[in-house]
Amino acid sequence: MQISELLAHETLRLLLLTGEPVGEITGVVVTDLPKPGRYLNGGELVLTGMMWRHGPADSAVFVDYLVRAGVTALAAGDARLGHVPDDLVAACRERGLALLEVPIEVSFGAIIDVVDRVLLGEQRLALGRHRRIFTAVAEGAGLPELFAMARDELGVTGGVVSATGRVIAGEVPDASRMAAEFLRAVRLPHVTADPCTIFTVDRSHRVAGWALVLDGEVNPEIGYELASCVALERTRAEEGRRVERRLLEQLLGLAGSADLPELSALMRTCGLDVAAPYAIVAATALRSAASDGPDAATLGGLVLEEMLDRSVVAVAAADAGLALVPLRDSVGALAGLLKARLSSLAAPGIRLSLGLSAALTGPAAIRGGLEEAGYARRLADGRGGGLVTSDEIYTHALLLATVPDDIRRGFAARLLDPLFAYDRKHQADLVRTLSTFLDCAGSWNVCAERLHVHVNTVRYRIKRVEELTGRNLTAMADRVDLYLALRAS
């Protein structure tokens, strides 16, 4: 079908804004995804309601994906903005892509019917039903309506599950197992033994992603179209969450510097009860051999949102994703939930590290909670991943974590550099001996046993330590200084 044939159809009243009406249309795809390339094969007429457009710069990015995929034409609906924006017209003109304007009163379904009649013939219009399902979602139908239409129109049943095993929509029997298969599948779509067919919903990393699980072995084309429908609905939900993330980012950024009335007002703006208890969670998701995609802090925040069933939002700070979580129960209950979700997210090539603060109340506690959660997260990362709670860090380590790095390093260097220099020059073992001696509470014999040396060797080495540092290891204050220096180095 030529573009000119579509333009000649009087009931559609399409207007060619740029390009030539000579391209061959081989099919129709409806999409509002900002990066739709994976769902395109070339030759399509792409219909869009422009939900992906947040600013003029988005048009060039969207059109570039279409051109690279080899689509024939783009038809933009007027329903959202009331017109086709000049930046989209310019992007299509510069790249030689035909652009059609769809009047507000013309539905995408009507355009699909016209194209299907020409391409498929009346007797094969049933093959266009999945496209009409996509159109319904593009025009506002939610996920429950999507799966009802998929069942009634296509005879396809299934649902959507998160990587943590939470059923988001539809029906997914044995959701935990389906989520595990989704995480571990070498490639997608993946057919399970049941059989069920698992598709990924979008390009999110799997640990933060959603899986479309359909009963039986499903035609990949139908699966991909349904997955793109779910992706569109997820994109819509993200619109509101962006605003929530900006508000939380402002609240956490001002913690410790703004006055309490201002922070209280920000908490209320974030939908938080100032008098109710909460906890702060810090998370990172470190990918092995990752060269692109979200960094560990951003991905950690996205994973954390899914672990908490998207009941909160998280923001990416310098070294971790951060969320302020209202406590409906105790901190222990929240820790139990996070541990359970962590165990379900075991996936190759990724390390998840979480830190959880104590129960907090009011805006004045936010800064301390951030420090607690941040240090606990770093401790978890040092252990190779997992969850560390504030109960595990109420030691000297928490005090060290609050000292600026340059001061901590300077303190350690001033006391220990003479020992490190001596060890390098004489191939001695003063630093290890000092550390072991302090861990043994100053017991000469126990220290000698652990180091497998004679007790007199320990006495000699400790004497050299005292001479080089100017400290007396029989004095508790000097022992504490050297112990902290070792932990800060």
# chains A, B, ... in the order shown; residues from 1 in each chain; ligands from 1
call {"tool": "residues_around", "arguments": {"residues": "region 463-476 of chain A", "least_positions_apart": "5", "cutoff": "10 Å", "atoms": "only C-alpha atoms", "output": "list in words"}}
result
Arg414, Leu415, Leu416, Asp417, Pro418, Leu419, Tyr422, Leu430, Val431, Thr433, Leu434, Phe437, Leu438, Gly442, Thr457, Val458, Asp481 and Leu482 of chain A
call {"tool": "write_last_selection", "arguments": {"atoms": "C-alpha atoms", "output": "mmCIF file, in the first residue's frame"}}
result
data_model
loop_
_atom_site.group_PDB
_atom_site.id
_atom_site.type_symbol
_atom_site.label_atom_id
_atom_site.label_comp_id
_atom_site.auth_asym_id
_atom_site.auth_seq_id
_atom_site.Cartn_x
_atom_site.Cartn_y
_atom_site.Cartn_z
ATOM 1 C CA ARG A 414 50.703 10.184 60.695
ATOM 2 C CA LEU A 415 50.695 7.190 63.037
ATOM 3 C CA LEU A 416 51.345 4.294 60.676
ATOM 4 C CA ASP A 417 53.584 5.600 57.890
ATOM 5 C CA PRO A 418 56.755 5.058 59.990
ATOM 6 C CA LEU A 419 55.723 1.427 60.498
ATOM 7 C CA TYR A 422 60.180 0.245 58.360
ATOM 8 C CA LEU A 430 55.420 -4.548 62.457
ATOM 9 C CA VAL A 431 52.007 -3.517 61.103
ATOM 10 C CA THR A 433 52.066 -7.651 64.597
ATOM 11 C CA LEU A 434 50.501 -4.444 65.936
ATOM 12 C CA PHE A 437 48.492 -7.616 69.301
ATOM 13 C CA LEU A 438 45.559 -5.194 69.625
ATOM 14 C CA GLY A 442 47.542 -6.950 74.435
ATOM 15 C CA THR A 457 59.782 -11.714 68.939
ATOM 16 C CA VAL A 458 56.437 -10.112 69.683
ATOM 17 C CA ASP A 481 44.633 5.703 68.696
ATOM 18 C CA LEU A 482 46.626 2.988 66.972
#
call {"tool": "residues_around", "arguments": {"residues": "Leu299 (chain A)", "least_positions_apart": "6", "cutoff": "8 Å", "atoms": "only C-alpha atoms", "output": "VMD selection string"}}
result
chain A and resid 205 208 284 to 285 321
call {"tool": "write_last_selection", "arguments": {"atoms": "N, CA, C and O atoms", "output": "tab-separated table (two decimals), in the first residue's frame"}}
result
chain	number	residue	atom	x	y	z
A	205	HIS	N	17.21	-3.28	32.90
A	205	HIS	CA	17.96	-4.44	33.37
A	205	HIS	C	17.00	-5.41	34.04
A	205	HIS	O	16.05	-5.00	34.71
A	208	ALA	N	15.57	-5.10	37.58
A	208	ALA	CA	14.64	-4.00	37.81
A	208	ALA	C	13.48	-4.06	36.82
A	208	ALA	O	12.69	-3.12	36.74
A	284	THR	N	22.85	-0.36	45.97
A	284	THR	CA	23.59	-0.34	44.71
A	284	THR	C	23.42	-1.68	44.02
A	284	THR	O	23.25	-2.71	44.67
A	285	ALA	N	23.44	-1.65	42.71
A	285	ALA	CA	23.39	-2.86	41.90
A	285	ALA	C	24.56	-2.79	40.94
A	285	ALA	O	24.52	-2.07	39.93
A	321	GLY	N	21.52	4.38	45.41
A	321	GLY	CA	20.13	4.77	45.32
A	321	GLY	C	19.57	4.87	46.72
A	321	GLY	O	19.85	4.03	47.58
call {"tool": "residues_around", "arguments": {"residues": "Cys196 (chain A)", "least_positions_apart": "3", "cutoff": "7 Å", "atoms": "only C-alpha atoms", "output": "ChimeraX atom specification"}}
result
/A:191-192,213-217
call {"tool": "write_last_selection", "arguments": {"atoms": "C-alpha atoms", "output": "compact mmCIF listing (two decimals), in the first residue's frame"}}
result
# COMPACT_ATOMS: atom_id res chain seq x y z
CA VAL A 191 9.83 -21.09 26.78
CA THR A 192 9.48 -22.91 30.11
CA VAL A 213 4.41 -14.44 30.96
CA LEU A 214 1.98 -15.95 28.45
CA ASP A 215 0.46 -19.43 28.69
CA GLY A 216 1.71 -21.90 26.08
CA GLU A 217 4.09 -21.32 23.19
call {"tool": "closest_residue", "arguments": {"among": "A:Ala448, A:Val84, A:Cys229, A:Ala90", "to": "Asp32 (chain A)", "atoms": "only C-alpha atoms"}}
result
A:Cys229
call {"tool": "select_by_dssp", "arguments": {"residues": "region 210-275 of chain A", "states": "strand (DSSP E)", "output": "ChimeraX atom specification"}}
result
/A:210-215
call {"tool": "write_last_selection", "arguments": {"atoms": "N, CA and C atoms", "output": "compact mmCIF listing (two decimals), in the first residue's frame"}}
result
# COMPACT_ATOMS: atom_id res chain seq x y z
N TRP A 210 10.31 -5.99 34.26
CA TRP A 210 9.07 -6.76 34.31
C TRP A 210 9.12 -7.82 33.22
N ALA A 211 8.48 -8.95 33.50
CA ALA A 211 8.39 -10.03 32.52
C ALA A 211 6.94 -10.25 32.14
N LEU A 212 6.70 -10.41 30.85
CA LEU A 212 5.38 -10.80 30.34
C LEU A 212 5.38 -12.32 30.23
N VAL A 213 4.49 -12.97 30.95
CA VAL A 213 4.41 -14.44 30.96
C VAL A 213 3.09 -14.84 30.32
N LEU A 214 3.17 -15.53 29.18
CA LEU A 214 1.98 -15.95 28.45
C LEU A 214 1.88 -17.48 28.47
N ASP A 215 0.67 -17.99 28.63
CA ASP A 215 0.46 -19.43 28.69
C ASP A 215 0.72 -20.06 27.31
call {"tool": "closest_residue", "arguments": {"among": "A:Gly382, A:Ile133, A:Leu260, A:Ala175", "to": "Ile222 (chain A)", "atoms": "only C-alpha atoms"}}
result
A:Ile133
call {"tool": "residues_around", "arguments": {"residues": "Gly355 (chain A)", "least_positions_apart": "4", "cutoff": "7 Å", "atoms": "only C-alpha atoms", "output": "JSON list (two decimals) with N, CA and C atoms, in the first residue's frame"}}
result
[["chain", "number", "residue", "atom", "x", "y", "z"],
["A", 281, "VAL", "N", 16.88, 3.56, 53.25],
["A", 281, "VAL", "CA", 17.56, 2.42, 52.63],
["A", 281, "VAL", "C", 18.47, 2.94, 51.52],
["A", 282, "ALA", "N", 19.70, 2.47, 51.51],
["A", 282, "ALA", "CA", 20.65, 2.77, 50.44],
["A", 282, "ALA", "C", 20.93, 1.49, 49.67],
["A", 283, "ALA", "N", 20.99, 1.58, 48.35],
["A", 283, "ALA", "CA", 21.15, 0.37, 47.53],
["A", 283, "ALA", "C", 22.03, 0.63, 46.33],
["A", 373, "ALA", "N", 22.60, 4.50, 56.77],
["A", 373, "ALA", "CA", 22.29, 3.63, 55.63],
["A", 373, "ALA", "C", 23.46, 3.57, 54.66],
["A", 374, "GLY", "N", 24.12, 4.71, 54.45],
["A", 374, "GLY", "CA", 25.26, 4.74, 53.53],
["A", 374, "GLY", "C", 26.41, 3.89, 54.01],
["A", 376, "ALA", "N", 26.24, 1.39, 56.17],
["A", 376, "ALA", "CA", 25.80, -0.01, 56.15],
["A", 376, "ALA", "C", 25.86, -0.57, 54.74],
["A", 377, "ARG", "N", 25.49, 0.23, 53.75],
["A", 377, "ARG", "CA", 25.55, -0.23, 52.35],
["A", 377, "ARG", "C", 26.99, -0.49, 51.93],
["A", 380, "ALA", "N", 28.05, -3.71, 53.40],
["A", 380, "ALA", "CA", 27.46, -4.83, 52.65],
["A", 380, "ALA", "C", 28.23, -5.07, 51.36],
["A", 387, "LEU", "N", 22.44, -7.50, 52.67],
["A", 387, "LEU", "CA", 21.85, -6.43, 53.48],
["A", 387, "LEU", "C", 22.59, -6.29, 54.79],
["A", 388, "VAL", "N", 22.92, -5.06, 55.15],
["A", 388, "VAL", "CA", 23.48, -4.75, 56.46],
["A", 388, "VAL", "C", 22.57, -3.72, 57.12],
["A", 389, "THR", "N", 22.20, -3.95, 58.36],
["A", 389, "THR", "CA", 21.33, -3.02, 59.09],
["A", 389, "THR", "C", 22.16, -2.17, 60.05]]
call {"tool": "select_by_dssp", "arguments": {"residues": "region 145-246 of chain A", "states": "alpha helix (DSSP H)", "output": "PyMOL selection string"}}
result
chain A and resi 145-149+175-184+220-246
call {"tool": "write_last_selection", "arguments": {"atoms": "N, CA and C atoms", "output": "tab-separated table (two decimals), in the first residue's frame"}}
result
chain	number	residue	atom	x	y	z
A	145	GLU	N	-7.51	-4.28	31.34
A	145	GLU	CA	-8.24	-4.28	30.06
A	145	GLU	C	-7.41	-4.94	28.97
A	146	LEU	N	-6.09	-4.73	29.00
A	146	LEU	CA	-5.22	-5.33	28.00
A	146	LEU	C	-5.34	-6.85	28.03
A	147	PHE	N	-5.24	-7.45	29.22
A	147	PHE	CA	-5.27	-8.91	29.30
A	147	PHE	C	-6.66	-9.47	29.04
A	148	ALA	N	-7.69	-8.68	29.36
A	148	ALA	CA	-9.04	-9.12	29.02
A	148	ALA	C	-9.22	-9.15	27.50
A	149	MET	N	-8.71	-8.12	26.79
A	149	MET	CA	-8.81	-8.09	25.34
A	149	MET	C	-7.95	-9.17	24.70
A	175	ALA	N	4.38	-17.52	40.31
A	175	ALA	CA	5.06	-16.29	39.87
A	175	ALA	C	6.53	-16.26	40.28
A	176	SER	N	6.87	-16.76	41.45
A	176	SER	CA	8.27	-16.74	41.91
A	176	SER	C	9.16	-17.53	40.96
A	177	ARG	N	8.67	-18.69	40.55
A	177	ARG	CA	9.48	-19.51	39.63
A	177	ARG	C	9.61	-18.83	38.27
A	178	MET	N	8.53	-18.20	37.80
A	178	MET	CA	8.59	-17.51	36.51
A	178	MET	C	9.58	-16.35	36.57
A	179	ALA	N	9.59	-15.64	37.72
A	179	ALA	CA	10.54	-14.54	37.87
A	179	ALA	C	11.98	-15.07	37.86
A	180	ALA	N	12.19	-16.21	38.52
A	180	ALA	CA	13.54	-16.80	38.54
A	180	ALA	C	13.96	-17.23	37.15
A	181	GLU	N	13.04	-17.81	36.38
A	181	GLU	CA	13.39	-18.20	35.00
A	181	GLU	C	13.68	-16.98	34.14
A	182	PHE	N	12.93	-15.92	34.37
A	182	PHE	CA	13.17	-14.66	33.66
A	182	PHE	C	14.57	-14.13	33.93
A	183	LEU	N	14.99	-14.18	35.19
A	183	LEU	CA	16.31	-13.66	35.57
A	183	LEU	C	17.45	-14.50	35.00
A	184	ARG	N	17.23	-15.81	34.90
A	184	ARG	CA	18.33	-16.69	34.54
A	184	ARG	C	18.33	-17.13	33.07
A	220	PRO	N	5.77	-15.16	18.50
A	220	PRO	CA	6.61	-14.07	18.98
A	220	PRO	C	6.08	-12.69	18.61
A	221	GLU	N	5.47	-12.56	17.43
A	221	GLU	CA	4.96	-11.25	17.02
A	221	GLU	C	3.90	-10.76	17.99
A	222	ILE	N	2.97	-11.65	18.37
A	222	ILE	CA	1.93	-11.27	19.32
A	222	ILE	C	2.55	-10.96	20.68
A	223	GLY	N	3.51	-11.78	21.10
A	223	GLY	CA	4.17	-11.55	22.38
A	223	GLY	C	4.88	-10.22	22.44
A	224	TYR	N	5.60	-9.88	21.38
A	224	TYR	CA	6.31	-8.61	21.35
A	224	TYR	C	5.33	-7.44	21.39
A	225	GLU	N	4.22	-7.55	20.67
A	225	GLU	CA	3.24	-6.47	20.67
A	225	GLU	C	2.62	-6.29	22.05
A	226	LEU	N	2.27	-7.40	22.70
A	226	LEU	CA	1.72	-7.29	24.05
A	226	LEU	C	2.75	-6.73	25.03
A	227	ALA	N	4.01	-7.15	24.86
A	227	ALA	CA	5.08	-6.62	25.72
A	227	ALA	C	5.22	-5.12	25.54
A	228	SER	N	5.11	-4.64	24.30
A	228	SER	CA	5.22	-3.20	24.06
A	228	SER	C	4.02	-2.46	24.65
A	229	CYS	N	2.84	-3.11	24.69
A	229	CYS	CA	1.68	-2.52	25.35
A	229	CYS	C	1.95	-2.33	26.84
A	230	VAL	N	2.51	-3.38	27.47
A	230	VAL	CA	2.83	-3.29	28.89
A	230	VAL	C	3.90	-2.22	29.12
A	231	ALA	N	4.87	-2.15	28.22
A	231	ALA	CA	5.92	-1.14	28.35
A	231	ALA	C	5.33	0.26	28.28
A	232	LEU	N	4.34	0.46	27.43
A	232	LEU	CA	3.69	1.76	27.33
A	232	LEU	C	3.01	2.12	28.63
A	233	GLU	N	2.33	1.17	29.24
A	233	GLU	CA	1.65	1.43	30.50
A	233	GLU	C	2.67	1.72	31.61
A	234	ARG	N	3.80	1.02	31.56
A	234	ARG	CA	4.84	1.28	32.57
A	234	ARG	C	5.43	2.68	32.38
A	235	THR	N	5.59	3.09	31.13
A	235	THR	CA	6.09	4.44	30.85
A	235	THR	C	5.14	5.49	31.40
A	236	ARG	N	3.84	5.25	31.26
A	236	ARG	CA	2.86	6.20	31.80
A	236	ARG	C	3.00	6.32	33.32
A	237	ALA	N	3.13	5.16	33.96
A	237	ALA	CA	3.26	5.17	35.42
A	237	ALA	C	4.52	5.92	35.86
A	238	GLU	N	5.58	5.83	35.05
A	238	GLU	CA	6.83	6.49	35.39
A	238	GLU	C	6.71	8.00	35.36
A	239	GLU	N	5.75	8.53	34.58
A	239	GLU	CA	5.59	9.98	34.49
A	239	GLU	C	5.34	10.57	35.87
A	240	GLY	N	4.39	9.99	36.60
A	240	GLY	CA	4.09	10.50	37.94
A	240	GLY	C	5.23	10.27	38.91
A	241	ARG	N	5.96	9.17	38.75
A	241	ARG	CA	7.04	8.85	39.67
A	241	ARG	C	8.22	9.80	39.50
A	242	ARG	N	8.38	10.36	38.31
A	242	ARG	CA	9.46	11.33	38.10
A	242	ARG	C	9.28	12.54	39.01
A	243	VAL	N	8.05	13.00	39.14
A	243	VAL	CA	7.78	14.15	40.02
A	243	VAL	C	8.09	13.78	41.46
A	244	GLU	N	7.67	12.59	41.89
A	244	GLU	CA	7.94	12.15	43.25
A	244	GLU	C	9.44	12.05	43.51
A	245	ARG	N	10.19	11.58	42.52
A	245	ARG	CA	11.65	11.46	42.71
A	245	ARG	C	12.29	12.84	42.85
A	246	ARG	N	11.83	13.81	42.08
A	246	ARG	CA	12.40	15.16	42.19
A	246	ARG	C	12.15	15.74	43.58
call {"tool": "closest_residue", "arguments": {"among": "A:Ala347, A:Ala485, A:Glu139, A:Ser162", "to": "Arg409 (chain A)", "atoms": "only C-alpha atoms"}}
result
A:Ala485
call {"tool": "atom_distance", "arguments": {"atom1": "CA of Arg151 (chain A)", "atom2": "CA of Val218 (chain A)"}}
result
12.7 Å
call {"tool": "atom_distance", "arguments": {"atom1": "CA of Glu105 (chain A)", "atom2": "CA of Gly49 (chain A)"}}
result
12.9 Å
call {"tool": "closest_residue", "arguments": {"among": "A:Val28, A:Ala320, A:Leu342, A:Ala488", "to": "Arg378 (chain A)", "atoms": "only C-alpha atoms"}}
result
A:Ala320
call {"tool": "residues_around", "arguments": {"residues": "Glu20 (chain A)", "least_positions_apart": "4", "cutoff": "12 Å", "atoms": "only C-alpha atoms", "output": "ChimeraX atom specification"}}
result
/A:2-4,7,15-16,24,72-74,92-93,96-100
call {"tool": "atom_distance", "arguments": {"atom1": "CA of Ala255 (chain A)", "atom2": "CA of Leu370 (chain A)"}}
result
9.1 Å
call {"tool": "residues_around", "arguments": {"residues": "Asp64 (chain A)", "least_positions_apart": "4", "cutoff": "12 Å", "atoms": "only C-alpha atoms", "output": "ChimeraX atom specification"}}
result
/A:34-37,57-60,68-71,74,88,91-97
